[in-house]
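Structure below is run-v7.txt: compact mmCIF, C-alpha atoms and all ligand atoms.
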# COMPACT_ATOMS: atom_id res chain seq x y z
CA MET T 1 -7.79 -23.26 43.78
CA LYS T 2 -8.35 -25.68 40.90
CA ILE T 3 -10.30 -24.43 37.86
CA THR T 4 -11.48 -26.47 34.89
CA ILE T 5 -11.92 -24.61 31.61
CA VAL T 6 -13.92 -26.11 28.75
CA GLY T 7 -12.66 -24.90 25.37
CA ALA T 8 -9.27 -23.65 24.19
CA GLY T 9 -10.56 -20.94 21.87
CA ILE T 10 -9.45 -17.38 22.63
CA SER T 11 -12.04 -17.22 25.47
CA GLY T 12 -10.61 -20.29 27.19
CA LEU T 13 -6.99 -19.24 26.69
CA LEU T 14 -7.55 -15.68 27.95
CA SER T 15 -9.53 -17.00 30.93
CA ALA T 16 -6.60 -19.29 31.73
CA TYR T 17 -4.13 -16.41 31.36
CA TYR T 18 -5.86 -14.15 33.90
CA LEU T 19 -6.60 -17.02 36.29
CA LEU T 20 -2.94 -18.04 36.16
CA GLN T 21 -1.91 -14.47 36.99
CA ASN T 22 -4.04 -14.81 40.10
CA ASP T 23 -2.38 -18.12 41.09
CA PHE T 24 -5.24 -20.46 40.23
CA ASP T 25 -4.41 -24.03 39.20
CA VAL T 26 -5.83 -24.25 35.68
CA GLU T 27 -6.64 -27.20 33.43
CA ILE T 28 -8.20 -26.82 29.95
CA PHE T 29 -10.15 -29.43 27.96
CA GLU T 30 -10.50 -28.92 24.22
CA LYS T 31 -12.48 -31.18 21.92
CA SER T 32 -10.40 -30.56 18.80
CA ASP T 33 -6.71 -31.24 18.26
CA ARG T 34 -5.60 -27.58 18.30
CA PRO T 35 -6.12 -24.36 20.25
CA GLY T 36 -7.86 -21.28 18.81
CA GLY T 37 -11.41 -22.46 18.02
CA LEU T 38 -12.72 -20.12 15.31
CA ILE T 39 -9.37 -18.35 15.09
CA GLN T 40 -6.90 -19.87 12.68
CA THR T 41 -4.45 -18.37 10.22
CA LEU T 42 -3.58 -19.74 6.83
CA ASP T 43 0.03 -18.88 6.02
CA THR T 44 0.28 -18.06 2.32
CA PRO T 45 3.15 -16.71 0.18
CA TYR T 46 1.20 -13.40 0.07
CA GLY T 47 0.74 -13.03 3.81
CA PRO T 48 -1.42 -14.36 6.65
CA MET T 49 -5.11 -14.99 5.87
CA ASP T 50 -7.41 -15.35 8.87
CA TYR T 51 -10.50 -17.53 9.13
CA ALA T 52 -12.08 -15.41 11.88
CA ALA T 53 -10.69 -12.42 13.81
CA SER T 54 -7.87 -10.74 11.91
CA SER T 55 -7.37 -7.71 14.16
CA LEU T 56 -8.44 -6.55 17.61
CA ILE T 57 -8.90 -3.26 19.42
CA ASN T 58 -5.82 -2.67 21.50
CA SER T 59 -5.71 -1.85 25.21
CA LYS T 60 -3.00 -1.48 27.84
CA ASP T 61 -3.86 -4.95 29.19
CA LEU T 62 -3.51 -6.51 25.77
CA GLN T 63 -0.23 -4.68 25.33
CA ASP T 64 1.00 -6.23 28.61
CA LEU T 65 -0.21 -9.64 27.45
CA PHE T 66 1.61 -9.31 24.11
CA GLU T 67 4.79 -8.41 26.02
CA GLN T 68 4.45 -11.32 28.45
CA ILE T 69 3.98 -13.93 25.75
CA GLY T 70 6.62 -12.43 23.43
CA LEU T 71 4.32 -11.31 20.63
CA GLU T 72 4.93 -8.29 18.42
CA TYR T 73 2.41 -5.95 16.83
CA ALA T 74 2.41 -5.75 13.06
CA HIS T 75 3.57 -2.33 11.85
CA LYS T 76 0.58 -0.09 11.12
CA GLY T 77 0.56 1.86 7.87
CA PRO T 78 -0.73 5.46 7.55
CA LEU T 79 -4.06 4.19 6.17
CA ALA T 80 -4.74 1.82 9.08
CA GLY T 81 -7.06 4.28 10.83
CA VAL T 82 -9.06 5.14 7.71
CA LYS T 83 -12.41 3.37 7.63
CA ASN T 84 -14.98 4.09 4.95
CA PHE T 85 -18.73 3.82 4.55
CA TYR T 86 -20.58 3.34 1.28
CA ARG T 87 -23.42 5.57 0.17
CA ASN T 88 -23.67 6.00 -3.59
CA GLY T 89 -19.90 5.62 -3.54
CA MET T 90 -17.19 5.22 -0.91
CA ARG T 91 -16.95 8.03 1.66
CA ARG T 92 -15.20 8.69 4.93
CA TRP T 93 -18.50 9.91 6.40
CA PRO T 94 -21.85 8.90 4.89
CA LEU T 95 -24.15 11.66 6.19
CA GLY T 96 -24.98 15.11 4.91
CA PHE T 97 -24.98 18.24 7.08
CA VAL T 98 -28.59 18.05 8.34
CA GLU T 99 -28.37 14.28 8.89
CA SER T 100 -25.12 14.68 10.82
CA ALA T 101 -26.67 17.43 12.98
CA ARG T 102 -29.62 15.13 13.72
CA LEU T 103 -27.23 12.32 14.69
CA ILE T 104 -25.13 14.60 16.92
CA ILE T 105 -28.20 15.97 18.73
CA GLY T 106 -29.43 12.39 19.26
CA ALA T 107 -26.01 11.22 20.41
CA VAL T 108 -25.66 14.08 22.92
CA GLY T 109 -29.18 13.36 24.17
CA ILE T 110 -28.23 9.75 24.91
CA PHE T 111 -26.00 10.81 27.75
CA LEU T 112 -28.79 12.76 29.43
CA LYS T 113 -31.20 9.84 29.34
CA LYS T 114 -31.61 7.17 31.99
CA ASN T 115 -30.18 3.87 30.67
CA LYS T 116 -29.24 5.79 27.50
CA GLY T 117 -32.83 5.37 26.36
CA LEU T 118 -32.38 1.58 26.11
CA LYS T 119 -35.35 -0.58 27.03
CA GLU T 120 -35.69 -4.30 27.58
CA GLY T 121 -36.99 -6.04 24.46
CA GLN T 122 -36.14 -3.10 22.17
CA THR T 123 -34.46 -3.77 18.84
CA VAL T 124 -31.40 -1.87 17.63
CA ARG T 125 -33.51 -0.52 14.77
CA GLU T 126 -36.22 0.85 17.09
CA TRP T 127 -33.60 2.53 19.27
CA GLY T 128 -31.44 3.74 16.38
CA GLU T 129 -34.18 5.32 14.25
CA LYS T 130 -35.64 7.08 17.27
CA VAL T 131 -32.38 8.37 18.71
CA LEU T 132 -30.12 8.94 15.69
CA GLY T 133 -32.65 9.59 12.93
CA LYS T 134 -33.34 7.43 9.87
CA ALA T 135 -30.13 8.26 7.99
CA GLY T 136 -27.91 8.09 11.10
CA TYR T 137 -29.34 4.68 11.85
CA THR T 138 -29.18 3.31 8.28
CA TYR T 139 -25.80 4.59 7.15
CA VAL T 140 -23.87 4.64 10.42
CA LEU T 141 -25.26 2.44 13.21
CA GLU T 142 -26.77 -0.39 11.17
CA THR T 143 -23.86 -0.42 8.77
CA PHE T 144 -21.28 -0.47 11.55
CA LEU T 145 -23.09 -3.18 13.55
CA GLN T 146 -23.64 -5.32 10.48
CA GLY T 147 -19.89 -5.23 9.90
CA VAL T 148 -19.18 -6.39 13.45
CA TYR T 149 -22.13 -8.59 14.44
CA ALA T 150 -23.31 -9.71 10.97
CA GLY T 151 -26.84 -9.63 12.40
CA ASN T 152 -30.14 -8.05 11.41
CA CYS T 153 -30.72 -4.85 13.42
CA SER T 154 -34.49 -5.39 13.20
CA ASP T 155 -34.00 -8.55 15.28
CA MET T 156 -30.98 -7.56 17.36
CA SER T 157 -31.37 -6.50 20.98
CA ALA T 158 -30.46 -2.87 21.67
CA PRO T 159 -29.64 -3.34 25.38
CA LEU T 160 -27.54 -6.42 24.65
CA VAL T 161 -25.52 -4.87 21.82
CA LEU T 162 -25.36 -1.20 22.81
CA GLY T 163 -25.62 -1.46 26.61
CA PRO T 164 -22.04 -2.74 27.11
CA MET T 165 -20.71 -0.06 24.72
CA PHE T 166 -22.27 2.72 26.81
CA GLU T 167 -21.36 1.16 30.15
CA ARG T 168 -17.69 0.77 29.30
CA LYS T 169 -15.54 3.00 31.47
CA LYS T 170 -12.64 4.87 29.93
CA PRO T 171 -9.48 2.87 30.74
CA LYS T 172 -7.01 4.66 33.01
CA GLN T 173 -4.01 3.76 30.89
CA LYS T 174 -3.77 3.84 27.13
CA PRO T 175 -1.66 1.48 25.00
CA GLN T 176 1.22 2.80 22.91
CA VAL T 177 -0.45 1.64 19.71
CA ARG T 178 -4.10 2.74 19.55
CA GLY T 179 -7.01 1.28 17.63
CA SER T 180 -7.02 -1.96 15.64
CA VAL T 181 -3.89 -4.06 15.86
CA MET T 182 -2.76 -7.40 14.54
CA PRO T 183 0.07 -9.64 15.68
CA VAL T 184 2.98 -10.16 13.29
CA GLY T 185 2.03 -13.27 11.31
CA GLY T 186 -1.73 -13.08 11.98
CA MET T 187 -4.07 -14.07 14.78
CA GLY T 188 -2.88 -17.66 14.74
CA LYS T 189 0.36 -16.39 16.28
CA LEU T 190 -1.53 -14.94 19.26
CA ILE T 191 -3.12 -18.35 19.84
CA GLN T 192 0.14 -20.25 19.36
CA LYS T 193 2.17 -18.04 21.70
CA LEU T 194 -0.55 -17.79 24.32
CA ALA T 195 -1.08 -21.57 24.43
CA HIS T 196 2.69 -22.13 24.60
CA TYR T 197 3.09 -19.56 27.41
CA LEU T 198 0.27 -21.14 29.42
CA GLU T 199 1.72 -24.64 29.07
CA GLU T 200 5.17 -23.41 30.07
CA LYS T 201 3.64 -21.90 33.22
CA GLY T 202 2.01 -25.20 34.15
CA VAL T 203 -1.49 -24.96 32.63
CA ARG T 204 -2.50 -28.39 31.33
CA ILE T 205 -4.24 -28.24 27.93
CA ASN T 206 -5.86 -31.57 27.04
CA TYR T 207 -6.71 -31.83 23.33
CA ASN T 208 -9.20 -34.22 21.72
CA ARG T 209 -11.21 -34.18 24.93
CA GLN T 210 -14.88 -33.35 24.45
CA VAL T 211 -16.26 -32.57 27.87
CA ALA T 212 -19.75 -33.61 28.99
CA ALA T 213 -21.42 -32.50 32.22
CA ARG T 214 -20.84 -35.92 33.79
CA ASP T 215 -17.07 -35.20 33.66
CA PHE T 216 -17.37 -32.35 36.18
CA VAL T 217 -16.48 -33.11 39.79
CA ALA T 218 -19.25 -31.98 42.16
CA GLY T 219 -18.63 -28.46 43.47
CA GLU T 220 -15.51 -27.76 41.35
CA GLN T 221 -15.12 -24.35 39.71
CA VAL T 222 -15.85 -24.65 35.99
CA VAL T 223 -15.48 -22.04 33.24
CA ILE T 224 -17.39 -22.90 30.06
CA ALA T 225 -15.58 -21.02 27.28
CA THR T 226 -17.29 -22.42 24.19
CA SER T 227 -19.78 -21.22 21.59
CA ALA T 228 -23.36 -20.52 22.73
CA GLY T 229 -24.56 -23.82 21.28
CA ALA T 230 -21.93 -25.96 23.02
CA ALA T 231 -22.47 -24.10 26.30
CA GLY T 232 -26.23 -24.63 25.95
CA LYS T 233 -25.70 -28.38 25.54
CA LEU T 234 -23.58 -28.56 28.70
CA LEU T 235 -26.12 -26.50 30.68
CA THR T 236 -28.89 -28.81 29.42
CA GLN T 237 -26.95 -31.86 30.60
CA MET T 238 -26.58 -30.16 34.01
CA GLY T 239 -30.34 -29.55 34.19
CA ILE T 240 -29.99 -25.74 34.05
CA PRO T 241 -33.23 -24.30 32.56
CA ALA T 242 -31.46 -21.83 30.20
CA GLY T 243 -29.61 -24.71 28.47
CA PRO T 244 -32.10 -25.84 25.79
CA ALA T 245 -32.86 -22.30 24.57
CA LEU T 246 -29.17 -21.34 24.52
CA SER T 247 -28.27 -24.43 22.50
CA GLU T 248 -30.88 -23.39 19.89
CA ILE T 249 -29.72 -19.81 19.50
CA ASP T 250 -29.40 -18.69 15.87
CA MET T 251 -25.76 -18.98 14.75
CA LEU T 252 -24.62 -17.09 11.65
CA ASP T 253 -22.43 -18.42 8.84
CA LEU T 254 -19.57 -16.26 7.60
CA ALA T 255 -16.94 -16.52 4.91
CA GLY T 256 -13.99 -14.41 3.87
CA VAL T 257 -13.16 -14.21 0.17
CA HIS T 258 -9.48 -13.21 0.12
CA LEU T 259 -8.41 -11.70 -3.17
CA VAL T 260 -4.73 -11.09 -3.96
CA PHE T 261 -3.96 -8.49 -6.62
CA GLY T 262 -0.80 -7.86 -8.60
CA ASP T 263 1.74 -5.44 -7.26
CA GLY T 264 1.04 -1.85 -8.21
CA GLU T 265 -2.73 -2.33 -8.56
CA THR T 266 -4.21 0.43 -6.45
CA LEU T 267 -7.20 -0.59 -4.47
CA PHE T 268 -8.99 1.90 -2.32
CA GLU T 269 -7.69 4.19 0.40
CA GLY T 270 -8.05 2.86 3.90
CA PHE T 271 -8.33 -0.18 6.11
CA GLY T 272 -11.76 -1.05 4.81
CA CYS T 273 -15.25 -0.13 3.74
CA LEU T 274 -18.61 -1.11 5.23
CA PHE T 275 -21.69 -1.60 3.08
CA PRO T 276 -25.19 -0.63 4.27
CA VAL T 277 -27.84 -3.31 3.76
CA SER T 278 -29.80 -0.89 1.56
CA GLU T 279 -26.95 -0.47 -0.97
CA GLY T 280 -27.41 -4.00 -2.30
CA PHE T 281 -23.90 -5.43 -1.94
CA ASN T 282 -23.31 -9.17 -1.63
CA SER T 283 -20.67 -8.56 1.07
CA LEU T 284 -20.93 -6.99 4.50
CA GLY T 285 -17.69 -5.15 4.02
CA VAL T 286 -14.12 -5.37 2.84
CA LEU T 287 -10.76 -5.10 4.59
CA ALA T 288 -7.55 -4.17 2.81
CA GLY T 289 -4.79 -5.92 4.78
CA LYS T 290 -1.80 -4.36 3.06
CA ASN T 291 -3.15 -0.82 3.49
CA ALA T 292 -3.41 -1.36 7.24
CA PHE T 293 -0.42 -3.60 7.92
CA PRO T 294 1.92 -3.13 4.93
CA ASN T 295 4.79 -5.28 6.20
CA GLU T 296 2.59 -8.36 6.61
CA TYR T 297 1.57 -8.67 2.98
CA SER T 298 3.79 -8.96 -0.07
CA TYR T 299 0.92 -8.07 -2.45
CA PRO T 300 -2.33 -6.11 -2.06
CA VAL T 301 -4.82 -8.42 -0.36
CA GLU T 302 -8.52 -7.75 0.22
CA ARG T 303 -10.85 -9.73 2.44
CA TRP T 304 -14.51 -9.59 1.42
CA ILE T 305 -16.74 -10.70 4.30
CA MET T 306 -19.89 -12.56 3.25
CA GLY T 307 -22.81 -14.27 4.96
CA GLY T 308 -24.57 -13.20 8.16
CA SER T 309 -28.27 -12.89 8.85
CA HIS T 310 -29.20 -11.03 5.65
CA SER T 311 -27.77 -13.80 3.44
CA PRO T 312 -28.38 -16.97 5.47
CA HIS T 313 -27.89 -19.33 2.51
CA MET T 314 -24.82 -17.72 1.03
CA LEU T 315 -22.40 -20.30 2.37
CA GLN T 316 -24.21 -22.99 0.40
CA LEU T 317 -22.60 -21.45 -2.70
CA SER T 318 -19.39 -22.88 -4.13
CA ASP T 319 -16.04 -21.10 -3.74
CA ASP T 320 -16.19 -19.96 -7.37
CA GLU T 321 -19.67 -18.51 -6.90
CA LEU T 322 -18.60 -16.60 -3.77
CA ILE T 323 -15.57 -15.24 -5.62
CA GLU T 324 -17.83 -14.05 -8.47
CA LEU T 325 -20.05 -12.21 -5.98
CA ALA T 326 -17.04 -10.59 -4.29
CA LEU T 327 -15.67 -9.49 -7.67
CA ALA T 328 -19.04 -7.99 -8.60
CA ASP T 329 -19.02 -5.99 -5.34
CA ARG T 330 -15.47 -4.93 -6.04
CA GLU T 331 -16.34 -3.62 -9.49
CA LYS T 332 -19.19 -1.62 -7.96
CA LEU T 333 -16.82 -0.18 -5.35
CA VAL T 334 -13.79 0.72 -7.45
CA GLY T 335 -15.58 1.27 -10.75
CA ARG T 336 -13.67 -1.22 -12.89
CA ALA T 337 -12.98 -4.95 -13.16
CA GLN T 338 -9.57 -6.17 -12.02
CA HIS T 339 -8.37 -9.74 -11.93
CA PRO T 340 -6.90 -11.20 -8.79
CA ILE T 341 -3.76 -13.31 -9.12
CA LYS T 342 -4.88 -15.62 -6.32
CA LYS T 343 -8.10 -16.30 -4.38
CA TYR T 344 -8.80 -18.05 -1.10
CA VAL T 345 -12.23 -18.71 0.40
CA LEU T 346 -12.13 -19.33 4.14
CA ARG T 347 -15.41 -20.39 5.71
CA ARG T 348 -16.71 -20.47 9.26
CA GLN T 349 -20.15 -22.10 9.51
CA LYS T 350 -22.40 -21.26 12.44
CA SER T 351 -19.71 -19.08 13.91
CA LEU T 352 -21.31 -15.93 15.33
CA PRO T 353 -24.32 -15.82 17.67
CA HIS T 354 -27.16 -13.65 16.42
CA TYR T 355 -27.65 -11.03 19.16
CA THR T 356 -31.45 -11.29 19.07
CA LEU T 357 -34.12 -10.35 21.60
CA GLU T 358 -34.29 -14.06 22.35
CA LEU T 359 -30.63 -14.13 23.39
CA GLU T 360 -31.25 -11.04 25.55
CA LYS T 361 -34.09 -12.85 27.33
CA ILE T 362 -32.05 -16.04 27.82
CA LEU T 363 -29.15 -14.10 29.37
CA ASN T 364 -31.44 -11.96 31.56
CA ASP T 365 -33.30 -14.99 32.92
CA MET T 366 -30.28 -17.25 33.30
CA VAL T 367 -29.42 -18.41 36.81
CA LEU T 368 -26.18 -20.34 37.22
CA PRO T 369 -24.81 -22.21 40.22
CA PRO T 370 -22.02 -20.19 41.91
CA ASN T 371 -19.26 -22.56 40.76
CA LEU T 372 -20.19 -22.24 37.06
CA HIS T 373 -18.98 -19.37 34.85
CA LEU T 374 -19.70 -18.61 31.20
CA ILE T 375 -17.31 -16.74 28.91
CA GLY T 376 -17.77 -16.36 25.19
CA ASN T 377 -18.82 -14.22 22.26
CA TYR T 378 -22.55 -14.54 23.08
CA MET T 379 -22.19 -12.98 26.56
CA GLY T 380 -22.33 -9.29 25.60
CA GLY T 381 -19.48 -8.69 23.18
CA ILE T 382 -18.53 -10.53 20.01
CA GLY T 383 -15.03 -9.14 19.51
CA LEU T 384 -11.80 -10.12 21.22
CA SER T 385 -11.43 -6.92 23.21
CA ALA T 386 -14.84 -7.51 24.87
CA ILE T 387 -13.95 -11.16 25.51
CA ASN T 388 -10.64 -10.03 27.01
CA ARG T 389 -12.42 -7.63 29.39
CA ALA T 390 -14.78 -10.39 30.54
CA CYS T 391 -11.88 -12.78 31.13
CA GLN T 392 -10.09 -10.19 33.27
CA LEU T 393 -13.07 -10.09 35.64
CA LEU T 394 -13.15 -13.87 36.09
CA PRO T 395 -10.66 -14.24 38.98
CA ASP T 396 -12.64 -11.77 41.14
CA GLU T 397 -15.93 -13.36 40.16
CA ILE T 398 -14.63 -16.78 41.23
CA LEU T 399 -13.11 -15.51 44.48
CA LYS T 400 -16.40 -13.81 45.38
CA ASN T 401 -18.18 -17.19 45.47
C1 LIG K 1 -15.33 -14.34 9.90
C2 LIG K 1 -15.11 -13.77 11.29
C3 LIG K 1 -14.38 -12.60 11.43
C4 LIG K 1 -14.16 -12.06 12.70
N1 LIG K 1 -13.41 -10.93 12.82
C5 LIG K 1 -13.12 -10.44 14.04
C6 LIG K 1 -12.21 -9.36 14.18
O1 LIG K 1 -11.64 -8.87 13.19
N2 LIG K 1 -11.95 -8.91 15.44
C7 LIG K 1 -12.51 -9.47 16.55
O2 LIG K 1 -12.22 -9.00 17.67
N3 LIG K 1 -13.33 -10.54 16.45
C8 LIG K 1 -13.65 -11.04 15.23
N4 LIG K 1 -14.45 -12.16 15.12
C9 LIG K 1 -15.02 -12.76 16.33
C10 LIG K 1 -14.05 -13.68 17.08
O3 LIG K 1 -13.19 -14.35 16.18
C11 LIG K 1 -14.83 -14.71 17.89
O4 LIG K 1 -15.85 -14.07 18.64
C12 LIG K 1 -13.91 -15.43 18.88
O5 LIG K 1 -12.82 -16.00 18.20
C13 LIG K 1 -14.69 -16.51 19.63
O6 LIG K 1 -13.80 -17.21 20.45
P1 LIG K 1 -14.31 -18.21 21.58
O7 LIG K 1 -13.11 -18.76 22.24
O8 LIG K 1 -15.31 -17.53 22.43
O9 LIG K 1 -15.11 -19.34 20.82
P2 LIG K 1 -14.57 -20.47 19.84
O10 LIG K 1 -13.51 -19.92 18.97
O11 LIG K 1 -15.78 -21.06 19.21
O12 LIG K 1 -13.88 -21.55 20.80
C14 LIG K 1 -14.60 -22.46 21.56
C15 LIG K 1 -13.75 -23.72 21.74
O13 LIG K 1 -14.46 -24.62 22.59
C16 LIG K 1 -14.28 -25.94 22.10
N5 LIG K 1 -15.38 -26.78 22.61
C17 LIG K 1 -16.70 -26.66 22.34
N6 LIG K 1 -17.41 -27.59 23.04
C18 LIG K 1 -16.52 -28.28 23.78
C19 LIG K 1 -16.64 -29.36 24.70
N7 LIG K 1 -17.81 -29.90 25.04
N8 LIG K 1 -15.51 -29.86 25.28
C20 LIG K 1 -14.28 -29.32 24.98
N9 LIG K 1 -14.12 -28.30 24.09
C21 LIG K 1 -15.22 -27.77 23.51
C22 LIG K 1 -14.29 -25.76 20.58
O14 LIG K 1 -13.68 -26.86 19.92
C23 LIG K 1 -13.50 -24.46 20.42
O15 LIG K 1 -12.11 -24.69 20.28
C24 LIG K 1 -14.69 -12.73 13.86
C25 LIG K 1 -15.39 -13.92 13.71
C26 LIG K 1 -15.61 -14.45 12.45
C27 LIG K 1 -16.34 -15.75 12.30
Is it possible to give me this structure as structure tokens?
Amino acid sequence: MKITIVGAGISGLLSAYYLLQNDFDVEIFEKSDRPGGLIQTLDTPYGPMDYAASSLINSKDLQDLFEQIGLEYAHKGPLAGVKNFYRNGMRRWPLGFVESARLIIGAVGIFLKKNKGLKEGQTVREWGEKVLGKAGYTYVLETFLQGVYAGNCSDMSAPLVLGPMFERKKPKQKPQVRGSVMPVGGMGKLIQKLAHYLEEKGVRINYNRQVAARDFVAGEQVVIATSAGAAGKLLTQMGIPAGPALSEIDMLDLAGVHLVFGDGETLFEGFGCLFPVSEGFNSLGVLAGKNAFPNEYSYPVERWIMGGSHSPHMLQLSDDELIELALADREKLVGRAQHPIKKYVLRRQKSLPHYTLELEKILNDMVLPPNLHLIGNYMGGIGLSAINRACQLLPDEILKN
């Protein structure tokens, strides 16, 4: 069966990969001149610097995919699993004894409740404060979700964000390397190798081809694997009622300020640190690449993530201004000023969908014709592992219709 995929970002490429495995005849149309969409890696003398995803949560299926396309995992250092939270200083765990007990009681209670206590139209904040307690919500849930979704938990939909996390079944097989992984050479290598593998196996990837609804052949199976906005525009052209609202969904700006420090400068222990909104940082969090993947970086490199819903105008600042803000955060975190030997600012405007109650309503009410399928980071999971799981289900979804 012939399938047309719109978009050669990771969603389009992974969709093509699983469809190919199920013997579909796949053709991809991509409006830009390269694959990867948001994902792109800048190769620098200090190591790979990513514009968007820089690591992903591993699974047995991803391990198989890496093997198939000839991609190696970067070696993980002993600090790769260490993630920190900030609360009057950096800590492995931000809650005191009573607060932790409150969170544990709430967390255990979740599993006894119907729908895990999630209600339509409920914000993450409403759910979190009620179930986990004020401190558990503020210093754990909100902080963690801000680091992943970059959204405002007072606006974000609890069923949309948390529902898929609770519904996820434990995979039968575990990968050899657990947790966050990165390909040798950065995420750009995953894109490069995957696109090359697909083309070798007969998938046609047409670049510089912006698709409009009039290009679709009546009745053909189409997978739209674009951002929410681009998908909304296509749905609007097709006369699907959800289109206009989806094309207007709030999209968040993000930037990574990558700071390279001289050899021997000790940074902090661990893969990264997340900052609660209430602690007044300019950044959402920081990742220390060399601590997690020591062989990939010749010098200590930190990536300070900025932007998101709490700082909607931050990307209007110049590179120098963003660097100043990152350095101020850094001084607050490590307690002293240090001077980077090199700085890179990598921006992604309007890159992440804000998982608001409005998006929840659009997705709940959306009715699509049976030959149309949507895959992307606005469909219930922003990260690559969630996108990968959705792509795996595509062949069955298409065969069902
Ligand atoms: C700063 C940042 C850090 C992140 N960090 C992580 C991380 O560490 N781990 C993680 O798992 N995730 C992370 N993410 C999220 C992840 O990178 C994205 O969710 C994912 O890359 C989205 O991929 P996509 O293919 O769905 O969309 P996109 O990358 O937006 O790709 C869509 C493609 O469709 C094309 N297109 C659009 N309209 C048309 C059209 N009409 N015709 C043809 N082509 C079209 C576009 O040109 C584009 O190439 C991060 C994101 C950002 C911004």
Wanna dump the chain T-ligand LIG 1 (chain K) contacts at 8 Å for me, each residue with its shortest atom pair and the distance in Å to one decimal, counting only C-alpha atoms and all ligand atoms, ordered by chain and number, as CSV?
residue,atom,partner,partner_atom,distance
T:Val6,CA,K:LIG1,C20,5.0
T:Gly7,CA,K:LIG1,O13,3.3
T:Ala8,CA,K:LIG1,O15,4.9
T:Gly9,CA,K:LIG1,O7,3.4
T:Ile10,CA,K:LIG1,O7,3.9
T:Ser11,CA,K:LIG1,O7,3.7
T:Gly12,CA,K:LIG1,O7,5.8
T:Leu13,CA,K:LIG1,O7,7.6
T:Phe29,CA,K:LIG1,C20,5.1
T:Glu30,CA,K:LIG1,N9,3.7
T:Lys31,CA,K:LIG1,N9,4.0
T:Ser32,CA,K:LIG1,O14,5.1
T:Arg34,CA,K:LIG1,O15,7.4
T:Pro35,CA,K:LIG1,O15,6.0
T:Gly36,CA,K:LIG1,O15,5.6
T:Gly37,CA,K:LIG1,O15,3.3
T:Leu38,CA,K:LIG1,O10,3.7
T:Ile39,CA,K:LIG1,O5,5.2
T:Asp50,CA,K:LIG1,C3,7.9
T:Tyr51,CA,K:LIG1,C1,5.8
T:Ala52,CA,K:LIG1,C2,3.5
T:Ala53,CA,K:LIG1,C5,3.1
T:Ser54,CA,K:LIG1,O1,4.4
T:Ser55,CA,K:LIG1,O1,4.5
T:Leu56,CA,K:LIG1,O2,4.5
T:Ile57,CA,K:LIG1,O2,6.9
T:Val148,CA,K:LIG1,C5,7.3
T:Asn208,CA,K:LIG1,C20,7.8
T:Arg209,CA,K:LIG1,C20,5.7
T:Gln210,CA,K:LIG1,N8,3.6
T:Val211,CA,K:LIG1,N8,3.8
T:Ala212,CA,K:LIG1,N7,5.8
T:Ala225,CA,K:LIG1,C14,6.0
T:Thr226,CA,K:LIG1,C14,3.8
T:Ser227,CA,K:LIG1,O11,4.7
T:Ala230,CA,K:LIG1,N6,4.8
T:Ala231,CA,K:LIG1,N6,7.0
T:Leu234,CA,K:LIG1,N7,7.0
T:Asp253,CA,K:LIG1,C27,7.5
T:Leu254,CA,K:LIG1,C1,5.2
T:Ala255,CA,K:LIG1,C1,5.7
T:Gly256,CA,K:LIG1,C1,6.2
T:Ile305,CA,K:LIG1,C1,6.8
T:Arg347,CA,K:LIG1,C1,7.4
T:Arg348,CA,K:LIG1,C27,5.6
T:Gln349,CA,K:LIG1,C27,7.9
T:Ser351,CA,K:LIG1,C27,5.0
T:Leu352,CA,K:LIG1,C27,5.8
T:Ile375,CA,K:LIG1,O8,6.8
T:Gly376,CA,K:LIG1,O8,3.9
T:Asn377,CA,K:LIG1,O4,4.7
T:Tyr378,CA,K:LIG1,O8,7.9
T:Gly381,CA,K:LIG1,O4,7.9
T:Ile382,CA,K:LIG1,O4,4.6
T:Gly383,CA,K:LIG1,O2,3.4
T:Leu384,CA,K:LIG1,O2,3.7
T:Ser385,CA,K:LIG1,O2,6.0
T:Ala386,CA,K:LIG1,O2,7.8
T:Ile387,CA,K:LIG1,O8,7.2
Nearest to T:His75, chosen from T:Lys114, T:Lys290, T:Lys174, T:Lys350, with only C-alpha atoms counted in the distances: T:Lys290
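Checking T:Leu359, T:Lys134, T:Ser298, T:Gly151 one by one against T:Gly232, counting only C-alpha atoms, you find the shortest gap at T:Leu359.
Across the model, the gap from atom CA of T:Met251 to atom CA of T:Thr138 is 23.5 Å.
Shortest separation to T:Met187 among T:Gln338, T:Thr356, T:Asn22, T:Gln40 occurs at residue T:Gln40, atoms counted being only C-alpha atoms.
One finds atom CA of T:Trp127 at 12.7 Å from atom CA of T:Gly109.
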Atom-to-atom span, atom CA of T:Gly285 and atom CA of T:Leu79, Å: 16.7 Å
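When all atoms listed in the file are used to measure the gap to T:Phe261, the shortest distance among T:Pro340, T:Gly179, T:Gly77, T:Gly280 belongs to T:Pro340.
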Which of T:Val223, T:Phe281, T:Leu65, T:Cys273 sits closest to T:Leu198 [using all atoms listed in the file]: T:Leu65
For T:Val203, the nearest of the candidates T:Ala74, T:Cys391, T:Ala16, T:Ala288, counting all atoms listed in the file: T:Ala16
Within 9 Å of T:Ile341 using all atoms listed in the file, minus same-chain residues under 3 positions, as number ranges by chain: T: 259-262
Just need the box for stretch 268-278 of chain T, edges along x, y and z, holding every atom the file lists for it with 3 Å tacked onto each side, so centre and edge lengths in Å to one decimal, as lines of an AutoDock Vina configuration file.
center_x = -18.7
center_y = 0.4
center_z = 1.9
size_x = 28.1
size_y = 13.5
size_z = 14.4
Nearby residues, (0.2, -6.8, 5.6) file frame, 9 Å, all atoms listed in the file, as number ranges by chain: T: 46-48, 74-77, 184-185, 288-301
